[in-house]
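Novice: Hey, dropping model_3.txt in here, compact mmCIF, C-alpha atoms:
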# COMPACT_ATOMS: atom_id res chain seq x y z
CA MET O 1 15.78 -13.14 6.44
CA LYS O 2 15.26 -11.02 9.53
CA ILE O 3 11.77 -10.79 11.03
CA HIS O 4 11.57 -8.07 13.63
CA SER O 5 10.12 -4.76 14.70
CA ARG O 6 12.19 -1.59 14.57
CA GLN O 7 11.83 2.16 14.30
CA LEU O 8 10.60 3.06 10.81
CA ASP O 9 11.30 6.15 8.77
CA GLU O 10 9.33 7.68 5.89
CA THR O 11 11.31 5.63 3.34
CA ASP O 12 10.30 2.43 5.16
CA LEU O 13 6.65 3.47 5.27
CA GLN O 14 6.70 4.31 1.57
CA ALA O 15 8.25 0.91 0.76
CA MET O 16 5.55 -0.76 2.87
CA ARG O 17 2.79 1.20 1.10
CA GLU O 18 4.16 0.20 -2.30
CA LEU O 19 4.41 -3.45 -1.27
CA LEU O 20 0.85 -3.43 0.09
CA LEU O 21 -0.57 -1.77 -3.03
CA LYS O 22 1.33 -4.15 -5.32
CA GLU O 23 0.77 -7.45 -3.51
CA GLY O 24 -2.29 -6.86 -1.32
CA PRO O 25 -5.22 -6.22 -3.64
CA ASN O 26 -7.20 -9.28 -4.61
CA GLU O 27 -10.82 -10.38 -4.53
CA TRP O 28 -10.59 -11.22 -0.80
CA ASN O 29 -8.81 -8.21 0.65
CA TYR O 30 -10.30 -4.90 1.65
CA ILE O 31 -7.59 -2.28 1.22
CA THR O 32 -8.26 1.44 0.97
CA ASP O 33 -5.98 4.47 0.97
CA GLU O 34 -7.75 5.56 4.16
CA SER O 35 -7.00 2.29 5.96
CA ILE O 36 -3.37 2.42 4.88
CA ASP O 37 -3.03 6.04 6.01
CA HIS O 38 -4.73 5.25 9.32
CA GLN O 39 -2.52 2.31 10.25
CA PHE O 40 0.66 4.15 9.23
CA GLN O 41 -0.42 7.13 11.34
CA LEU O 42 -0.88 4.75 14.29
CA ILE O 43 2.66 3.47 13.74
CA LYS O 44 4.00 7.05 13.77
CA GLN O 45 2.04 7.74 16.99
CA GLY O 46 3.38 4.61 18.70
CA LYS O 47 -0.10 3.05 18.86
CA ALA O 48 0.83 0.30 16.39
CA LEU O 49 3.95 -1.68 15.59
CA ALA O 50 5.15 -2.94 12.26
CA VAL O 51 6.67 -6.39 12.15
CA ILE O 52 8.83 -6.51 9.06
CA ALA O 53 10.61 -9.19 7.08
CA GLU O 54 13.68 -7.82 5.40
CA GLU O 55 16.81 -8.87 3.66
CA THR O 56 18.18 -5.88 1.77
CA SER O 57 14.67 -4.44 1.59
CA ILE O 58 11.28 -4.98 3.22
CA VAL O 59 9.69 -8.07 1.61
CA GLY O 60 6.80 -8.51 4.02
CA PHE O 61 5.12 -6.94 7.01
CA ALA O 62 2.29 -7.12 9.51
CA VAL O 63 0.78 -4.16 11.36
CA LEU O 64 -0.07 -4.79 15.01
CA ILE O 65 -2.47 -2.23 16.48
CA ILE O 66 -2.23 -2.04 20.24
CA LYS O 67 -4.99 -1.82 22.84
CA GLU O 68 -7.49 1.09 22.61
CA ALA O 69 -6.23 1.98 19.12
CA SER O 70 -7.73 -1.34 17.95
CA PRO O 71 -11.02 -1.13 16.04
CA SER O 72 -13.85 -0.33 18.46
CA LYS O 73 -15.97 -3.14 16.96
CA LEU O 74 -13.67 -5.60 18.76
CA SER O 75 -15.03 -4.43 22.12
CA LYS O 76 -17.83 -6.91 21.39
CA TYR O 77 -15.34 -9.69 22.15
CA SER O 78 -12.87 -8.21 24.68
CA VAL O 79 -11.98 -5.06 26.57
CA LEU O 80 -9.86 -2.98 24.18
CA LEU O 81 -7.22 -2.34 26.88
CA ASP O 82 -6.41 -6.07 26.81
CA ILE O 83 -6.11 -6.71 23.08
CA ALA O 84 -4.09 -6.23 19.95
CA TYR O 85 -5.34 -6.37 16.38
CA ILE O 86 -3.36 -7.45 13.35
CA ASN O 87 -4.50 -5.20 10.54
CA ASP O 88 -2.63 -5.87 7.30
CA VAL O 89 -0.26 -8.72 6.51
CA VAL O 90 1.47 -8.75 3.14
CA VAL O 91 4.34 -10.71 1.63
CA ALA O 92 6.09 -10.09 -1.68
CA SER O 93 5.14 -12.66 -4.32
CA SER O 94 8.84 -13.57 -4.63
CA GLN O 95 8.64 -14.83 -1.02
CA SER O 96 5.27 -16.57 -1.32
CA GLY O 97 4.97 -20.14 -0.05
CA LYS O 98 7.91 -19.92 2.35
CA GLY O 99 5.86 -19.55 5.54
CA LEU O 100 6.78 -15.90 5.90
CA GLY O 101 3.20 -14.81 6.60
CA SER O 102 2.90 -17.23 9.51
CA GLN O 103 6.26 -16.07 10.85
CA LEU O 104 5.11 -12.45 10.72
CA LEU O 105 1.95 -13.40 12.61
CA LYS O 106 3.88 -15.34 15.26
CA GLU O 107 6.25 -12.40 15.83
CA SER O 108 3.22 -10.08 16.05
CA ILE O 109 1.68 -12.35 18.70
CA LYS O 110 4.94 -12.30 20.66
CA LEU O 111 5.08 -8.49 20.52
CA ALA O 112 1.43 -8.30 21.64
CA GLY O 113 2.39 -10.34 24.69
CA ASN O 114 5.26 -7.96 25.40
CA GLU O 115 2.68 -5.14 25.33
CA LYS O 116 0.57 -7.03 27.92
CA CYS O 117 -2.19 -7.84 25.43
CA THR O 118 -3.97 -11.06 26.38
CA ASN O 119 -5.95 -11.50 23.16
CA VAL O 120 -4.85 -10.96 19.58
CA TYR O 121 -7.51 -10.58 16.87
CA ILE O 122 -7.34 -10.74 13.10
CA GLU O 123 -9.94 -10.77 10.28
CA ARG O 124 -10.16 -12.32 6.85
CA HIS O 125 -12.69 -12.98 4.12
CA GLU O 126 -14.41 -16.22 5.07
CA GLU O 127 -13.35 -17.86 1.79
CA ASN O 128 -9.72 -16.68 1.69
CA LEU O 129 -8.06 -20.08 2.00
CA ALA O 130 -4.48 -18.78 1.83
CA SER O 131 -5.11 -16.46 4.78
CA ALA O 132 -7.01 -19.20 6.60
CA GLY O 133 -4.01 -21.53 6.38
CA MET O 134 -1.55 -18.85 7.45
CA MET O 135 -3.71 -17.92 10.44
CA ARG O 136 -4.27 -21.54 11.43
CA LYS O 137 -0.49 -22.18 11.37
CA ALA O 138 0.00 -19.23 13.67
CA GLY O 139 -2.57 -20.63 16.15
CA PHE O 140 -5.61 -18.45 15.49
CA GLU O 141 -9.07 -19.88 16.17
CA LEU O 142 -12.40 -18.74 14.74
CA VAL O 143 -14.49 -16.45 16.95
CA GLU O 144 -17.30 -15.44 14.59
CA THR O 145 -18.26 -15.20 10.94
CA PHE O 146 -20.77 -12.58 9.87
CA HIS O 147 -22.22 -11.07 6.70
CA ASP O 148 -20.20 -7.95 5.85
CA PRO O 149 -21.40 -6.63 2.44
CA ASN O 150 -19.92 -3.14 2.90
CA LYS O 151 -16.42 -4.58 3.27
CA ARG O 152 -16.65 -7.81 1.24
CA THR O 153 -17.76 -7.58 -2.37
CA THR O 154 -17.18 -11.14 -3.60
CA GLY O 155 -18.06 -14.71 -2.71
CA SER O 156 -20.04 -15.19 0.50
CA ARG O 157 -19.35 -11.55 1.46
CA ASN O 158 -18.63 -12.77 4.99
CA THR O 159 -15.89 -11.70 7.38
CA SER O 160 -14.35 -14.18 9.81
CA VAL O 161 -12.90 -12.87 13.06
CA LEU O 162 -10.19 -15.03 14.61
CA CYS O 163 -8.34 -14.80 17.90
CA ILE O 164 -5.52 -16.16 19.92
CA CYS O 165 -7.26 -15.78 23.25
CA THR O 166 -5.83 -16.57 26.65
Turn this file's structure into structure tokens for me.
Specialist:
Amino acid sequence: MKIHSRQLDETDLQAMRELLLKEGPNEWNYITDESIDHQFQLIKQGKALAVIAEETSIVGFAVLIIKEASPSKLSKYSVLLDIAYINDVVVASSQSGKGLGSQLLKESIKLAGNEKCTNVYIERHEENLASAGMMRKAGFELVETFHDPNKRTTGSRNTSVLCICT
């Protein structure tokens, strides 16, 4: 299994979209066509990087949005020029439980450092225990939890923001 970032073509982006739409939707995740289109456009523009796990095909990925392309709401915590934001992380169910998600996060953190980002942010539904474990393994720490009913439709309806902050 190779975990890395490389130049992507339209076939790669389509495979990533299909993987995200197949494996991503659940009661905890907020995935829209608009958010997928936006992050893929950022990749094409060089404002985001995809960290991919692949053997003969892409079986997992994380999208790392760099600096001022990060969501403006994060300016509450840090200057956007100093941060990166991990948007979507998805792993094929055939690879579940192998630590691939944490490996994708760790490689994303490394790439953020290469881009001179001092803080790396990520979000999850407060009650998403699988994501919580993956993020904890990668070294993320809780920054804030807040009520987010427009984005979260189940459970507590809270979003937790986490960071690896230096």
Novice: Using only C-alpha atoms, which residue out of O:Ala69, O:Val90, O:Leu49, O:Val59 lies closest to Glu23 of chain O?
Specialist: O:Val90
Novice: Which residue out of O:Ser102, O:Thr154, O:Thr159, O:Ser70 has the minimum interatomic distance to Gln39 of chain O when all atoms listed in the file are used?
Specialist: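 Closest to Gln39 of chain O of all the choices is O:Ser70.
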Novice: Would you list the contacts of His125 of chain O as number ranges by chain, taking every protein, DNA or RNA residue within 12 Å and counting all atoms listed in the file, but skipping same-chain residues closer than 5 positions in sequence?
Specialist: O: 26-30, 130-132, 144-149, 151-162
Novice: I'd like the contact shell of Leu111 of chain O - 12 Å cut-off, only C-alpha atoms, skipping same-chain residues fewer than 3 positions apart - returned as a list of chain:residue names.
Specialist: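 These residues fall inside the cut-off: O:Ile3, O:His4, O:Ser5, O:Arg6, O:Ala48, O:Leu49, O:Ala50, O:Val51, O:Ala62, O:Val63, O:Leu64, O:Ile65, O:Ile66, O:Ile83, O:Ala84, O:Tyr85, O:Ile86, O:Leu104, O:Leu105, O:Lys106, O:Glu107, O:Ser108, O:Asn114, O:Glu115, O:Lys116, O:Cys117, O:Thr118, O:Asn119, O:Val120.
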Novice: Tell me which of O:Val91, O:Glu55, O:Thr11, O:Pro71 sits closest to Gly24 of chain O, counting only C-alpha atoms.
Specialist: O:Val91
Novice: Could you tell me how far atom CA of Gly97 of chain O lies from atom CA of Ile31 of chain O, in Å and to one decimal?
Specialist: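 Atom-to-atom, atom CA of Gly97 of chain O and atom CA of Ile31 of chain O are spaced 21.9 Å apart.
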Novice: Tell me, in Å to one decimal, how far atom CA of Leu81 of chain O is from atom CA of Leu42 of chain O.
Specialist: 15.8 Å
Novice: One decimal, in Å: what's the spacing between atom CA of Ala53 of chain O and atom CA of Phe140 of chain O?
Specialist: 20.5 Å
Novice: O:Glu127, O:Ile36, O:Ser94, O:Ser78: which is nearest Gln14 of chain O, counting all atoms listed in the file?
Specialist: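 Of O:Glu127, O:Ile36, O:Ser94, O:Ser78, the one nearest Gln14 of chain O is O:Ile36, counting all atoms listed in the file.
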Novice: Can you tell me, as an MDAnalysis selection string, what residues are no more than 9 Å from Leu8 of chain O when counting all atoms listed in the file, ignoring any on the same chain fewer than 5 positions away?
Specialist: chainID O and resid 13 43:44 50
